[in-house]
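A.B. asks: Once you've had a glance at the structure underneath, I'll fire off some questions.
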Amino acid sequence: MRRGKRMGRRMLEDLDEDIRDHIARETQDNIERGMAPEEARYAAVRKFGNVTRVKEETREVWSFVWLEQLLQDVRFGLRMLRKSPGFAAVAILTLALGIGANTAIFSLIDAVMLRALPVEDPSQLVLLKWSARNAPNIHGYMTSGDCPMNVMPGAANPYGCSFSEPMFREIARANVFAATTAFANSDRLSLTGNGPATVINGQLVSGDFFRTMGLKAAAGRLFEAADDKPSAAPVAVLNYGYWQSAFGGSREVVGHTIELNNVAFTIIGVAEQRFTGITPGSDYDVWLPLSDAQRITYPMFWRNRSDDAGNWWLTIVGRLKPGTELASAQAAVSGLYRNEMLHGSVPLFHGGEIAVRPGRPAGRGPRSDQMFHGAMPPPAGGNGPASVLVPPQQAPGSPVQARREAAGAPMSPSAGKTPVIFAAPPGAAPEGGPKTLSTVADNPEVTLVPAQTGLTGARSEYSNPLYVLMLAVGIILLIGCTNVAGLMLARAAARQKEMAVRLALGAGRARVVRQLLTESVILSVLGGTLGVLFAYWGAHAIISFVSSNQPRPLGFATGVDLRVLGFTVAVSLLTGIFFGIAPTLRSTRVDLTPTLKDGAGSSASSGRANGKWFSIGNALVVAQVALAIVMLVGAGLLVRTLANLRSIDVGFDSHNILIFGIDPTLIGYKGAQVDSFYRDLQGRLSETPGVKSASYSVMPLLSNALGIMGFHWPGTPQDQRSDADALAVGPNFFATMHIPFLAGRDFNASDFKVSATNSGATPTSARTDVIVNQAFVQKYLGKESALGKQFGESAAEADRPANPGYEIIGVVRDAKYNSLRREIHAMIYMPHSAGGASFELRTAAAPQAILPAVREVVAQVNTNLPLFDVKTESEQIDQLLFQERLVARLSGFFGLLALVLACVGLYGLLSYEVSRRTREIGIRMALGAHPGRVLKLVLQQGIVLAIVGACVGIGVAMGVMRYLASMLYDVHANDPLTMIAVAVLLTLVALAACYIPARRAMRVDPMVALRYE
Amino acid sequence: MSTKEQKERVELLQGTLDLLILRTLLLGPAHGHAIAKAIEFNSDDVLQVEQGSLYPALHRLIKRGWIAVEAGISENNRRAKFYRLTAKGRRQLAVETSKWDKLAGAIARILRSAEREGES
């Protein structure tokens, strides 16, 4: 091939000489035949034919003609662009912004939604999902946030991807898959043995985890089946990123021992770099064998879990055997599951442990009058596993003590609105009820979904804003294309004469079209190149913005990879073709003669030809304005949503509060020790200079975590369950948070004592004092006095002590609980005892400043206790609003960009119009037209276009904005104020854009204008 | 000459010209002008080759490796390029010739039968 090319070049070099020779010989022959030399030469040339064409055809033999012509077109196109740098700059910048914005958002979407799982052959991995008509009769359910789920109490058609450990073992044994693994979040782990104590996130995985994923070790070795045995010594595998940051990537770390929740683990290896976690967005620091679960977590939670078929907590992933159909694997697994569900017996509770049960199965009536479940709020920036657990020290049936497990863990509540852990009293299994986990009528089954799509993780949290943004940048690109198309049209009109000349000289129409398309593609490719830079910068800006809202870096790897580059290239080319095609077809459809005669479209006589493009030009500007309006309305609504959420009265004073979590139970504090630890720390912190008051609660307000408790309300049927939000708080909580009392009093020391006893194994007969909010009074009491009201008592049952119930001792003002968007519900505050807690410090000045002092105070009590989730309440709210802030900020930016682009389009059109009509304007002015009239002439066109565009845009906006409704707060999708404000803004800016060309028109010197051309 | 006529002729010569060149070179190497002359002469001047079209055809054949080019001295002592049939070209000539015979035979049969029908 290469040899051929070289030979071709040599042959072509000689071609001219060959042809000259040939003609010379022929001439010679002719002369010999008796022709006159002149005539002989002429005959020879005629006989030879068209020399140029022969040369061209010969050249075509050797070359990739199209490639050569392309180069020619490109060279010519670049020359044309150099000749009009202003046009080129505007067009390229416009396209770069459009393409850059699209690439940036796409690279995020790619990272979050599309990227293949970082494992070997991810297409063979499947996730097990269960579904049924009614909730199975289980007593524990936990998700690690790997997939969506719905196990709301009484929910019809529940589904999820958590299974019991016995189920997992059975599926693994059945050899359905080439390899089967199960995993779960390990909760927060307190790490010592590597510098100061820290809190890290771990994932408990079965022994086959790394084998199933097909992963290799970056150092040391990964788990083997033997590591996942209760008898095996505790071992840990580090995440590569964590290894780098915490251990400096030292290989010495293999064999090193660390303590997790006071248990010594030997580090045996580091997973390979690409593997950050199996679920998108997850970022576990360590992996631990499943069998170590009970060593490091609350014993009461985990004891017997491994053989409890009624406690579902493991996500199961299998690798399909080569050649096995998905359907047959699914049938096999589903069969095992069904068998277990229909024929396995309901496991009994082990007294004193926490009971967890997914509410009451529909149609079976309530089984308990006390029920706790944690419900996750809408996915508004939550960052932690969707699990709310009842601390084990708390006897079931006692006041709720909710703790957001591992709030700093990487997994976000995937299902968003769904509850995760339900605590039901022990013995909740009904007498006379079904003795199996499920019934035939419930039709329990398992489906296998590709792990790639099934493991959503944090993805679901980001998908909505990302799609809105993708739409927004799509519109930006459309405006950009329209804009450049308008500019090209104007140029095409100006180049009509050039095109006519080309066509007249015999250029094929296709060839001219290609030339023009090449020019537009050059523009878009240049724009795309610049756009990649914008995208790189933009994606980083967005990621760092997102990360700044997270306690930990996001587990998404972003970067401009091949797919993103491919996307950009495709978008650039399509863009070039899209905006190039109309002007191109337009300019090659010229009637040659009049165009050639005419003075480059400068006079009114070309009005016919121009009339057509002119209307296309107008239409393009209207389209741009309309699109910009749609963008601006969307942005306006989202910005107003953010403003509305920010100005919400949260019911407490969120300024100058420092929050931090601390959990002495992680390092072995028990029962009363925990309470006295908190009381001691509270006292010390209150005396710290700069702290006005200090308190604590089981979780901070507005942290996205929520506890709900069920109880029986007097006067309702015995089997009816009432519920209310519940939060356990320490002494002085209301004073610290500035939540005013409307009636009654705060908790006193004896209240805490009673509560602590009641939550122990042998409760007293004294009622637990509680404080309720206004909404509670309104919902349950109406005009009745709340103080002294008693509720929630229940008689003892075989395996459960009696609950003495609650008595209301105070009423406080309504305050937001978990999120800003969720309405204030009826709420019960109760005295905090045992379990983890989050401290709230009311400070005199900037809260962050006293952090060192706080750390010192904590260290005085115990040096081994890490603080976690340290932040100010305002930061907390910002995190809660992160999605809104992200979307508002970006859509605001894109909205302004759209406005600017639309105005550039308007400006370009009018400028061109003015220069095209310079002669006409000159004549008008020479005939005595007032400059003001000329000004009006131009302005009028611009304003009419802007207004028409605005009307169309508002019409479209009213049609599409309802799709945004779910993201809005306290503002209607068709909010008239926003619409009008946007329209006015656009008209004003459009006026400014028109004014510049209009003024130029006004200043036209008639003499110059008439001599124009 | 009008464009239309030219087109028809080019179509007629497409491929056929290659065959004629190969056939001419079977007699021995020749330079460009000589090939054109030979084709005209051997066809009793029926085939008026537009001489220019010879060159793209020659280049095409070289590219395909059916003929080769070498420098030489022409009959009147001028430097010239001589085109020579390669082994590959020789084989190709056989293939092309038999193809052509078949085609010509088939067309001739059709035309003759049509003629007879026209007579009857």
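Residues in the structure tokens are numbered from 1 in each chain, the chains being A, B, ... in the order shown, and ligands are numbered from 1 in the order shown.
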Quick one: residues within 10 Å of B:Ile67, only C-alpha atoms, excluding same-chain residues fewer than 5 positions away - as a PyMOL selection string?

C.D. replies: chain B and resi 21-22+25+29+58-62+83-90

A.B. asks: Might you pull out every residue within 7 Å of stretch 53-63 of chain A, with only C-alpha atoms counted and same-chain residues fewer than 5 positions away left off, and present them as number ranges by chain?

C.D. replies: A: 5, 8, 12; B: 52-53, 55-56, 59-60

A.B. asks: Could you tell me which of B:Glu50, B:Asp101, B:Glu96, B:Glu70 comes closest to chain A if we count only C-alpha atoms?

C.D. replies: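 Distance minimum relative to chain A lands on B:Glu50.
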
A.B. asks: Return as a PyMOL selection string the residues belonging to chain A that are within 12 Å of chain B, counting only C-alpha atoms.

C.D. replies: chain A and resi 1-12+14-29+43-63

A.B. asks: List the spatial neighbours of A:Glu793 as a list in words - criterion: any atom at most 8 Å away, only C-alpha atoms, same-chain residues fewer than 6 positions off excluded.

C.D. replies: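 In the requested format, the answer is His712, Ala802, Asn803, Pro804, Gly805 and Tyr806 of chain A.
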
A.B. asks: Using N, CA and C atoms, can you write the selected residues to a file as a CSV table (one decimal), in the first residue's frame?

C.D. replies:
```
chain,number,residue,atom,x,y,z
A,712,HIS,N,-50.2,3.4,70.8
A,712,HIS,CA,-51.7,3.4,70.8
A,712,HIS,C,-52.2,4.6,71.5
A,802,ALA,N,-44.5,-5.2,80.2
A,802,ALA,CA,-45.5,-4.2,79.9
A,802,ALA,C,-44.9,-2.9,79.6
A,803,ASN,N,-45.5,-2.0,78.9
A,803,ASN,CA,-45.0,-0.7,78.6
A,803,ASN,C,-45.9,0.3,79.4
A,804,PRO,N,-45.3,1.0,80.4
A,804,PRO,CA,-46.1,1.9,81.2
A,804,PRO,C,-46.7,3.1,80.4
A,805,GLY,N,-46.2,3.3,79.2
A,805,GLY,CA,-46.8,4.4,78.4
A,805,GLY,C,-46.1,5.7,78.7
A,806,TYR,N,-46.7,6.8,78.2
A,806,TYR,CA,-46.0,8.1,78.2
A,806,TYR,C,-47.0,9.1,78.8
```

A.B. asks: Hey, can you check how far atom CA of A:Gly810 sits from atom CA of A:Gly792?

C.D. replies: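 According to the coordinates, atom CA of A:Gly810 and atom CA of A:Gly792 are separated by 16.6 Å.
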
A.B. asks: Run DSSP on the backbone and grab whatever in stretch 50-232 of chain A lands in alpha helix (DSSP H); send it over as a tab-separated table (two decimals) with C-alpha atoms, in the first residue's frame.

C.D. replies:
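Just written: out.tsv:
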```tsv
chain	number	residue	atom	x	y	z
A	51	VAL	CA	-5.63	17.89	-20.14
A	52	THR	CA	-6.78	19.12	-16.75
A	53	ARG	CA	-9.39	16.46	-16.49
A	54	VAL	CA	-6.97	13.76	-17.55
A	55	LYS	CA	-4.60	14.92	-14.84
A	56	GLU	CA	-7.34	14.97	-12.29
A	57	GLU	CA	-8.59	11.53	-13.25
A	58	THR	CA	-5.08	10.17	-13.14
A	59	ARG	CA	-4.54	11.66	-9.75
A	60	GLU	CA	-7.77	10.12	-8.57
A	61	VAL	CA	-6.38	6.72	-9.49
A	62	TRP	CA	-3.73	7.09	-6.84
A	65	VAL	CA	-9.73	11.65	-3.53
A	66	TRP	CA	-12.19	12.49	-0.85
A	67	LEU	CA	-9.41	12.78	1.65
A	68	GLU	CA	-7.51	15.14	-0.56
A	69	GLN	CA	-10.58	17.16	-1.31
A	70	LEU	CA	-11.36	17.22	2.36
A	71	LEU	CA	-7.94	18.63	3.11
A	72	GLN	CA	-8.52	21.15	0.39
A	73	ASP	CA	-11.88	22.05	1.88
A	74	VAL	CA	-10.42	22.29	5.33
A	75	ARG	CA	-7.61	24.52	4.14
A	76	PHE	CA	-10.04	26.71	2.30
A	77	GLY	CA	-12.44	26.76	5.23
A	78	LEU	CA	-9.72	27.82	7.63
A	79	ARG	CA	-8.73	30.58	5.23
A	80	MET	CA	-12.31	31.80	5.09
A	81	LEU	CA	-12.53	31.81	8.87
A	82	ARG	CA	-9.28	33.73	9.17
A	83	LYS	CA	-10.75	36.31	6.86
A	85	PRO	CA	-12.11	36.55	12.72
A	86	GLY	CA	-15.04	38.22	14.50
A	87	PHE	CA	-17.53	35.79	13.07
A	88	ALA	CA	-15.22	32.87	13.72
A	89	ALA	CA	-14.59	33.90	17.31
A	90	VAL	CA	-18.26	34.35	18.13
A	91	ALA	CA	-19.23	31.11	16.43
A	92	ILE	CA	-16.46	29.06	18.01
A	93	LEU	CA	-17.03	30.49	21.46
A	94	THR	CA	-20.75	29.89	21.20
A	95	LEU	CA	-20.22	26.31	20.15
A	96	ALA	CA	-17.50	25.76	22.72
A	97	LEU	CA	-19.86	26.86	25.47
A	98	GLY	CA	-22.61	24.63	24.16
A	99	ILE	CA	-20.44	21.60	23.55
A	100	GLY	CA	-18.43	22.18	26.72
A	101	ALA	CA	-21.52	22.36	28.88
A	102	ASN	CA	-22.88	19.21	27.29
A	103	THR	CA	-19.61	17.37	27.67
A	104	ALA	CA	-19.28	18.42	31.30
A	105	ILE	CA	-22.75	17.25	32.20
A	106	PHE	CA	-22.37	14.12	30.10
A	107	SER	CA	-19.11	13.26	31.81
A	108	LEU	CA	-20.95	13.47	35.12
A	109	ILE	CA	-23.79	11.35	33.83
A	165	GLU	CA	-27.85	-15.05	55.59
A	166	PRO	CA	-29.30	-18.60	55.55
A	167	MET	CA	-30.89	-17.78	52.20
A	168	PHE	CA	-27.55	-16.59	50.90
A	169	ARG	CA	-25.75	-19.69	52.10
A	170	GLU	CA	-28.35	-21.88	50.47
A	171	ILE	CA	-28.11	-20.09	47.12
A	172	ALA	CA	-24.33	-20.21	47.26
A	173	ARG	CA	-24.42	-23.92	48.03
A	209	PHE	CA	-16.60	-11.46	47.25
A	210	PHE	CA	-13.36	-10.68	45.47
A	211	ARG	CA	-13.41	-13.92	43.53
A	212	THR	CA	-16.92	-13.16	42.29
A	213	MET	CA	-15.83	-9.71	41.21
```

A.B. asks: Considering only C-alpha atoms, return as JSON, numbers by chain whatever protein or nucleic-acid residues lie within 9 Å of stretch 868-876 of chain A, sequence-local ones (same chain, fewer than 5 positions apart) excluded.

C.D. replies: {"A": [198, 199, 407, 408, 549, 551, 654, 655, 656, 657, 658, 659, 660, 661, 662, 663, 700, 701, 702, 703, 838, 840, 847, 848, 851, 881]}
